[in-house]
$ cat upload.tsv   # TSV, N, CA and C atoms
chain	number	residue	atom	x	y	z
T	1490	LEU	N	-40.50	10.12	40.21
T	1490	LEU	CA	-40.30	11.18	39.26
T	1490	LEU	C	-41.37	11.20	38.19
T	1491	ILE	N	-41.69	10.04	37.63
T	1491	ILE	CA	-42.79	9.95	36.67
T	1491	ILE	C	-43.64	8.73	36.99
T	1492	GLU	N	-44.87	8.79	36.55
T	1492	GLU	CA	-45.78	7.67	36.78
T	1492	GLU	C	-45.41	6.50	35.87
T	1493	PRO	N	-45.51	5.28	36.36
T	1493	PRO	CA	-45.21	4.13	35.51
T	1493	PRO	C	-46.03	4.10	34.22
T	1494	SER	N	-47.25	4.60	34.28
T	1494	SER	CA	-48.09	4.60	33.08
T	1494	SER	C	-47.54	5.51	31.99
T	1495	ALA	N	-46.60	6.38	32.33
T	1495	ALA	CA	-45.99	7.28	31.35
T	1495	ALA	C	-44.75	6.67	30.70
T	1496	VAL	N	-44.41	5.44	31.09
T	1496	VAL	CA	-43.22	4.77	30.58
T	1496	VAL	C	-43.64	3.70	29.57
T	1497	CYS	N	-42.96	3.69	28.44
T	1497	CYS	CA	-43.18	2.66	27.43
T	1497	CYS	C	-41.83	2.05	27.09
T	1498	CYS	N	-41.75	0.73	27.09
T	1498	CYS	CA	-40.50	0.06	26.72
T	1498	CYS	C	-40.76	-0.83	25.51
T	1499	SER	N	-39.69	-1.14	24.83
T	1499	SER	CA	-39.77	-2.04	23.70
T	1499	SER	C	-38.86	-3.23	23.95
T	1500	ASP	N	-39.39	-4.40	23.71
T	1500	ASP	CA	-38.62	-5.63	23.86
T	1500	ASP	C	-39.05	-6.57	22.74
T	1501	PRO	N	-38.13	-7.27	22.12
T	1501	PRO	CA	-38.52	-8.14	21.01
T	1501	PRO	C	-39.37	-9.33	21.43
T	1502	TYR	N	-39.41	-9.62	22.72
T	1502	TYR	CA	-40.14	-10.78	23.21
T	1502	TYR	C	-41.43	-10.35	23.90
T	1503	VAL	N	-42.57	-10.76	23.37
T	1503	VAL	CA	-43.87	-10.39	23.92
T	1503	VAL	C	-43.98	-10.81	25.38
T	1504	ALA	N	-43.54	-12.01	25.69
T	1504	ALA	CA	-43.66	-12.52	27.06
T	1504	ALA	C	-42.89	-11.64	28.05
T	1505	ARG	N	-41.72	-11.20	27.66
T	1505	ARG	CA	-40.93	-10.31	28.54
T	1505	ARG	C	-41.66	-8.99	28.73
T	1506	GLY	N	-42.23	-8.46	27.68
T	1506	GLY	CA	-43.00	-7.23	27.79
T	1506	GLY	C	-44.15	-7.37	28.76
T	1507	LYS	N	-44.84	-8.48	28.69
T	1507	LYS	CA	-45.96	-8.72	29.62
T	1507	LYS	C	-45.46	-8.80	31.07
T	1508	GLU	N	-44.31	-9.42	31.27
T	1508	GLU	CA	-43.72	-9.48	32.61
T	1508	GLU	C	-43.42	-8.07	33.13
T	1509	LEU	N	-42.85	-7.23	32.29
T	1509	LEU	CA	-42.52	-5.86	32.69
T	1509	LEU	C	-43.78	-5.05	32.98
T	1510	GLU	N	-44.80	-5.24	32.17
T	1510	GLU	CA	-46.07	-4.55	32.41
T	1510	GLU	C	-46.66	-4.95	33.77
T	1511	ALA	N	-46.65	-6.25	34.05
T	1511	ALA	CA	-47.22	-6.74	35.31
T	1511	ALA	C	-46.40	-6.30	36.52
T	1512	ALA	N	-45.10	-6.34	36.39
T	1512	ALA	CA	-44.23	-6.01	37.52
T	1512	ALA	C	-44.16	-4.52	37.81
T	1513	TYR	N	-44.19	-3.68	36.78
T	1513	TYR	CA	-43.92	-2.26	36.98
T	1513	TYR	C	-45.06	-1.32	36.58
T	1514	GLY	N	-46.09	-1.85	35.94
T	1514	GLY	CA	-47.21	-1.01	35.54
T	1514	GLY	C	-46.90	-0.11	34.36
T	1515	ILE	N	-45.90	-0.49	33.57
T	1515	ILE	CA	-45.53	0.29	32.39
T	1515	ILE	C	-46.21	-0.31	31.16
T	1516	LYS	N	-46.10	0.38	30.04
T	1516	LYS	CA	-46.60	-0.14	28.77
T	1516	LYS	C	-45.41	-0.78	28.05
T	1517	ALA	N	-45.65	-1.91	27.41
T	1517	ALA	CA	-44.59	-2.58	26.65
T	1517	ALA	C	-45.09	-2.88	25.24
T	1518	THR	N	-44.17	-2.86	24.31
T	1518	THR	CA	-44.46	-3.14	22.91
T	1518	THR	C	-43.26	-3.84	22.29
T	1519	THR	N	-43.48	-4.46	21.15
T	1519	THR	CA	-42.37	-5.03	20.40
T	1519	THR	C	-41.95	-4.09	19.27
T	1520	ASP	N	-42.62	-2.97	19.15
T	1520	ASP	CA	-42.40	-2.01	18.06
T	1520	ASP	C	-41.63	-0.80	18.58
T	1521	ASN	N	-40.38	-0.66	18.16
T	1521	ASN	CA	-39.55	0.46	18.63
T	1521	ASN	C	-40.12	1.82	18.26
T	1522	VAL	N	-40.70	1.93	17.08
T	1522	VAL	CA	-41.29	3.21	16.65
T	1522	VAL	C	-42.46	3.57	17.57
T	1523	GLU	N	-43.27	2.60	17.90
T	1523	GLU	CA	-44.40	2.83	18.83
T	1523	GLU	C	-43.87	3.27	20.19
T	1524	ALA	N	-42.78	2.67	20.63
T	1524	ALA	CA	-42.23	2.99	21.95
T	1524	ALA	C	-41.74	4.42	22.04
T	1525	VAL	N	-41.23	4.98	20.95
T	1525	VAL	CA	-40.65	6.33	21.02
T	1525	VAL	C	-41.61	7.44	20.60
T	1526	LYS	N	-42.73	7.11	19.99
T	1526	LYS	CA	-43.56	8.14	19.35
T	1526	LYS	C	-44.06	9.22	20.30
T	1527	ASP	N	-44.40	8.90	21.53
T	1527	ASP	CA	-44.90	9.90	22.47
T	1527	ASP	C	-43.89	10.28	23.54
T	1528	ALA	N	-42.68	9.78	23.42
T	1528	ALA	CA	-41.67	9.98	24.46
T	1528	ALA	C	-41.04	11.37	24.39
T	1529	ASP	N	-40.74	11.92	25.55
T	1529	ASP	CA	-39.92	13.12	25.63
T	1529	ASP	C	-38.44	12.72	25.72
T	1530	ILE	N	-38.20	11.61	26.41
T	1530	ILE	CA	-36.85	11.07	26.57
T	1530	ILE	C	-36.86	9.62	26.10
T	1531	VAL	N	-35.93	9.29	25.22
T	1531	VAL	CA	-35.77	7.93	24.72
T	1531	VAL	C	-34.49	7.38	25.33
T	1532	VAL	N	-34.62	6.32	26.11
T	1532	VAL	CA	-33.45	5.69	26.73
T	1532	VAL	C	-33.08	4.47	25.88
T	1533	LEU	N	-31.90	4.53	25.34
T	1533	LEU	CA	-31.41	3.45	24.49
T	1533	LEU	C	-30.53	2.54	25.33
T	1534	SER	N	-31.02	1.35	25.59
T	1534	SER	CA	-30.25	0.43	26.43
T	1534	SER	C	-30.27	-0.96	25.78
T	1535	VAL	N	-29.47	-1.08	24.76
T	1535	VAL	CA	-29.32	-2.34	24.04
T	1535	VAL	C	-27.84	-2.70	24.01
T	1536	LYS	N	-27.56	-3.90	23.61
T	1536	LYS	CA	-26.16	-4.29	23.44
T	1536	LYS	C	-25.61	-3.57	22.21
T	1537	PRO	N	-24.37	-3.10	22.27
T	1537	PRO	CA	-23.80	-2.35	21.15
T	1537	PRO	C	-23.90	-3.08	19.80
T	1538	GLN	N	-23.82	-4.39	19.81
T	1538	GLN	CA	-23.89	-5.13	18.55
T	1538	GLN	C	-25.28	-5.13	17.93
T	1539	VAL	N	-26.29	-4.69	18.67
T	1539	VAL	CA	-27.67	-4.62	18.18
T	1539	VAL	C	-27.98	-3.23	17.59
T	1540	LEU	N	-27.12	-2.27	17.87
T	1540	LEU	CA	-27.37	-0.89	17.44
T	1540	LEU	C	-27.64	-0.78	15.95
T	1541	SER	N	-26.89	-1.47	15.13
T	1541	SER	CA	-27.07	-1.37	13.68
T	1541	SER	C	-28.42	-1.91	13.22
T	1542	ASP	N	-29.08	-2.73	14.03
T	1542	ASP	CA	-30.42	-3.22	13.70
T	1542	ASP	C	-31.49	-2.18	14.08
T	1543	ILE	N	-31.20	-1.38	15.07
T	1543	ILE	CA	-32.19	-0.43	15.60
T	1543	ILE	C	-32.16	0.91	14.88
T	1544	THR	N	-30.98	1.38	14.51
T	1544	THR	CA	-30.90	2.72	13.91
T	1544	THR	C	-31.76	2.88	12.65
T	1545	PRO	N	-31.78	1.94	11.71
T	1545	PRO	CA	-32.63	2.17	10.53
T	1545	PRO	C	-34.12	2.20	10.87
T	1546	THR	N	-34.50	1.45	11.90
T	1546	THR	CA	-35.90	1.41	12.31
T	1546	THR	C	-36.36	2.74	12.89
T	1547	LEU	N	-35.51	3.37	13.70
T	1547	LEU	CA	-35.90	4.61	14.38
T	1547	LEU	C	-35.52	5.88	13.63
T	1548	ARG	N	-34.62	5.77	12.67
T	1548	ARG	CA	-34.19	6.95	11.91
T	1548	ARG	C	-35.41	7.61	11.27
T	1549	GLY	N	-35.54	8.90	11.56
T	1549	GLY	CA	-36.65	9.66	11.00
T	1549	GLY	C	-37.94	9.58	11.80
T	1550	HIS	N	-37.95	8.82	12.88
T	1550	HIS	CA	-39.17	8.66	13.68
T	1550	HIS	C	-39.11	9.40	15.02
T	1551	MET	N	-38.01	10.11	15.28
T	1551	MET	CA	-37.92	10.87	16.52
T	1551	MET	C	-38.05	12.36	16.22
T	1552	ARG	N	-38.80	13.04	17.07
T	1552	ARG	CA	-38.98	14.49	16.92
T	1552	ARG	C	-37.67	15.19	17.30
T	1553	PRO	N	-37.41	16.36	16.71
T	1553	PRO	CA	-36.16	17.07	17.02
T	1553	PRO	C	-35.98	17.39	18.51
T	1554	ASN	N	-37.08	17.56	19.24
T	1554	ASN	CA	-36.97	17.91	20.66
T	1554	ASN	C	-36.91	16.69	21.59
T	1555	GLN	N	-36.93	15.48	21.04
T	1555	GLN	CA	-36.80	14.29	21.88
T	1555	GLN	C	-35.33	14.08	22.23
T	1556	LEU	N	-35.08	13.86	23.50
T	1556	LEU	CA	-33.72	13.59	23.96
T	1556	LEU	C	-33.44	12.11	23.86
T	1557	LEU	N	-32.35	11.75	23.20
T	1557	LEU	CA	-31.92	10.36	23.12
T	1557	LEU	C	-30.80	10.17	24.13
T	1558	LEU	N	-31.06	9.35	25.12
T	1558	LEU	CA	-30.11	9.07	26.19
T	1558	LEU	C	-29.63	7.63	26.00
T	1559	SER	N	-28.33	7.44	25.86
T	1559	SER	CA	-27.79	6.12	25.59
T	1559	SER	C	-26.93	5.64	26.74
T	1560	ILE	N	-27.06	4.35	27.04
T	1560	ILE	CA	-26.17	3.73	28.02
T	1560	ILE	C	-25.33	2.64	27.35
T	1561	LEU	N	-25.18	2.73	26.03
T	1561	LEU	CA	-24.40	1.75	25.28
T	1561	LEU	C	-22.91	1.92	25.56
T	1562	ALA	N	-22.28	0.85	25.93
T	1562	ALA	CA	-20.83	0.88	26.20
T	1562	ALA	C	-20.07	1.04	24.89
T	1563	GLY	N	-19.13	1.98	24.88
T	1563	GLY	CA	-18.24	2.13	23.75
T	1563	GLY	C	-18.83	2.80	22.52
T	1564	VAL	N	-20.04	3.37	22.63
T	1564	VAL	CA	-20.67	4.04	21.49
T	1564	VAL	C	-20.74	5.53	21.80
T	1565	ASP	N	-20.05	6.33	21.01
T	1565	ASP	CA	-20.01	7.77	21.30
T	1565	ASP	C	-21.20	8.51	20.68
T	1566	SER	N	-21.39	9.73	21.12
T	1566	SER	CA	-22.55	10.52	20.68
T	1566	SER	C	-22.49	10.82	19.19
T	1567	ARG	N	-21.31	10.95	18.64
T	1567	ARG	CA	-21.18	11.20	17.19
T	1567	ARG	C	-21.75	10.03	16.39
T	1568	THR	N	-21.46	8.82	16.82
T	1568	THR	CA	-21.99	7.63	16.16
T	1568	THR	C	-23.51	7.59	16.24
T	1569	LEU	N	-24.04	7.93	17.41
T	1569	LEU	CA	-25.49	7.95	17.59
T	1569	LEU	C	-26.13	9.04	16.74
T	1570	ARG	N	-25.53	10.23	16.75
T	1570	ARG	CA	-26.04	11.35	15.97
T	1570	ARG	C	-26.15	10.98	14.49
T	1571	LYS	N	-25.09	10.36	13.98
T	1571	LYS	CA	-25.05	9.98	12.58
T	1571	LYS	C	-26.04	8.82	12.29
T	1572	GLY	N	-26.04	7.82	13.14
T	1572	GLY	CA	-26.89	6.64	12.93
T	1572	GLY	C	-28.38	6.95	12.98
T	1573	PHE	N	-28.76	7.81	13.91
T	1573	PHE	CA	-30.18	8.13	14.06
T	1573	PHE	C	-30.57	9.40	13.31
T	1574	ASP	N	-29.57	10.11	12.77
T	1574	ASP	CA	-29.81	11.41	12.14
T	1574	ASP	C	-30.62	12.29	13.08
T	1575	HIS	N	-30.08	12.40	14.30
T	1575	HIS	CA	-30.78	13.09	15.39
T	1575	HIS	C	-29.73	13.87	16.19
T	1576	SER	N	-30.04	15.10	16.53
T	1576	SER	CA	-29.02	15.92	17.19
T	1576	SER	C	-29.16	16.00	18.71
T	1577	ALA	N	-30.33	15.69	19.25
T	1577	ALA	CA	-30.52	15.80	20.71
T	1577	ALA	C	-30.07	14.51	21.38
T	1578	ILE	N	-28.76	14.37	21.49
T	1578	ILE	CA	-28.16	13.15	22.06
T	1578	ILE	C	-27.59	13.48	23.44
$ encode --input "upload.tsv" --output "structure tokens"
Amino acid sequence: LIEPSAVCCSDPYVARGKELEAAYGIKATTDNVEAVKDADIVVLSVKPQVLSDITPTLRGHMRPNQLLLSILAGVDSRTLRKGFDHSAI
């Protein structure tokens, strides 16, 4: 569907990012803002207990037309909309 070079992921561990880059040909960073800046679709796949650490970092850094797709268990779109101050959920 898309080229691996068009995918950017964020992981807090540099070594894991390097593993993902080598295995899949994607770009990896430890900076969440860097990971979302050029994205059309942002896939949020973190543990629900980490969400409160991520929302302040990304709030205000997503364009209105970026789609935020979440696979967080037990977190509804209203919570995401409010936390990220973003409507394209």
$ closest_residue --input "upload.tsv" --among "T:Val1525, T:Ala1495, T:Asp1500, T:Ala1517" --to "His1550 (chain T)" --atoms "only N, CA and C atoms"
T:Val1525
$ atom_distance --input "upload.tsv" --atom1 "atom N of Leu1558 (chain T)" --atom2 "CA of Ile1515 (chain T)"
18.6 Å
$ atom_distance --input "upload.tsv" --atom1 "CA of Val1539 (chain T)" --atom2 "CA of Asn1554 (chain T)"
24.5 Å
$ atom_distance --input "upload.tsv" --atom1 "CA of Pro1553 (chain T)" --atom2 "atom N of Asp1529 (chain T)"
11.0 Å
$ select_by_dssp --input "upload.tsv" --residues "chain T" --states "strand (DSSP E)" --output "PyMOL selection string"
chain T and resi 1497-1499+1516-1518+1530-1533+1556-1559
$ closest_residue --input "upload.tsv" --among "T:Asp1574, T:Thr1519, T:Leu1556, T:Asp1527" --to "Thr1544 (chain T)" --atoms "all atoms listed in the file"
T:Asp1574
$ residues_around --input "upload.tsv" --residues "Arg1548 (chain T)" --least-positions-apart "5" --cutoff "9 Å" --atoms "only C-alpha atoms" --output "ChimeraX atom specification"
/T:1543,1572-1575
$ closest_residue --input "upload.tsv" --among "T:Ser1499, T:Thr1568, T:Pro1493, T:Met1551" --to "Ala1511 (chain T)" --atoms "only C-alpha atoms"
T:Pro1493
$ closest_residue --input "upload.tsv" --among "T:Val1564, T:Ala1524, T:Leu1540, T:Ile1530" --to "Ala1577 (chain T)" --atoms "only C-alpha atoms"
T:Ile1530
$ build_atoms --input "upload.tsv" --residues "region 1545-1563 of chain T" --atoms "N, CA, C and O atoms" --output "compact mmCIF listing (two decimals), in the coordinates of the input"
# COMPACT_ATOMS: atom_id res chain seq x y z
N PRO T 1545 -31.78 1.94 11.71
CA PRO T 1545 -32.63 2.17 10.53
C PRO T 1545 -34.12 2.20 10.87
O PRO T 1545 -34.90 2.90 10.23
N THR T 1546 -34.50 1.45 11.90
CA THR T 1546 -35.90 1.41 12.31
C THR T 1546 -36.36 2.74 12.89
O THR T 1546 -37.47 3.19 12.62
N LEU T 1547 -35.51 3.37 13.70
CA LEU T 1547 -35.90 4.61 14.38
C LEU T 1547 -35.52 5.88 13.63
O LEU T 1547 -36.05 6.95 13.92
N ARG T 1548 -34.62 5.77 12.67
CA ARG T 1548 -34.19 6.95 11.91
C ARG T 1548 -35.41 7.61 11.27
O ARG T 1548 -36.20 6.98 10.60
N GLY T 1549 -35.54 8.90 11.56
CA GLY T 1549 -36.65 9.66 11.00
C GLY T 1549 -37.94 9.58 11.80
O GLY T 1549 -38.94 10.19 11.43
N HIS T 1550 -37.95 8.82 12.88
CA HIS T 1550 -39.17 8.66 13.68
C HIS T 1550 -39.11 9.40 15.02
O HIS T 1550 -40.04 9.30 15.81
N MET T 1551 -38.01 10.11 15.28
CA MET T 1551 -37.92 10.87 16.52
C MET T 1551 -38.05 12.36 16.22
O MET T 1551 -37.51 12.85 15.23
N ARG T 1552 -38.80 13.04 17.07
CA ARG T 1552 -38.98 14.49 16.92
C ARG T 1552 -37.67 15.19 17.30
O ARG T 1552 -36.92 14.71 18.13
N PRO T 1553 -37.41 16.36 16.71
CA PRO T 1553 -36.16 17.07 17.02
C PRO T 1553 -35.98 17.39 18.51
O PRO T 1553 -34.86 17.43 18.99
N ASN T 1554 -37.08 17.56 19.24
CA ASN T 1554 -36.97 17.91 20.66
C ASN T 1554 -36.91 16.69 21.59
O ASN T 1554 -36.82 16.84 22.80
N GLN T 1555 -36.93 15.48 21.04
CA GLN T 1555 -36.80 14.29 21.88
C GLN T 1555 -35.33 14.08 22.23
O GLN T 1555 -34.47 14.11 21.35
N LEU T 1556 -35.08 13.86 23.50
CA LEU T 1556 -33.72 13.59 23.96
C LEU T 1556 -33.44 12.11 23.86
O LEU T 1556 -34.21 11.28 24.36
N LEU T 1557 -32.35 11.75 23.20
CA LEU T 1557 -31.92 10.36 23.12
C LEU T 1557 -30.80 10.17 24.13
O LEU T 1557 -29.73 10.76 24.02
N LEU T 1558 -31.06 9.35 25.12
CA LEU T 1558 -30.11 9.07 26.19
C LEU T 1558 -29.63 7.63 26.00
O LEU T 1558 -30.44 6.71 25.97
N SER T 1559 -28.33 7.44 25.86
CA SER T 1559 -27.79 6.12 25.59
C SER T 1559 -26.93 5.64 26.74
O SER T 1559 -26.14 6.41 27.29
N ILE T 1560 -27.06 4.35 27.04
CA ILE T 1560 -26.17 3.73 28.02
C ILE T 1560 -25.33 2.64 27.35
O ILE T 1560 -24.82 1.76 28.01
N LEU T 1561 -25.18 2.73 26.03
CA LEU T 1561 -24.40 1.75 25.28
C LEU T 1561 -22.91 1.92 25.56
O LEU T 1561 -22.37 3.01 25.41
N ALA T 1562 -22.28 0.85 25.93
CA ALA T 1562 -20.83 0.88 26.20
C ALA T 1562 -20.07 1.04 24.89
O ALA T 1562 -20.34 0.35 23.91
N GLY T 1563 -19.13 1.98 24.88
CA GLY T 1563 -18.24 2.13 23.75
C GLY T 1563 -18.83 2.80 22.52
O GLY T 1563 -18.21 2.80 21.47
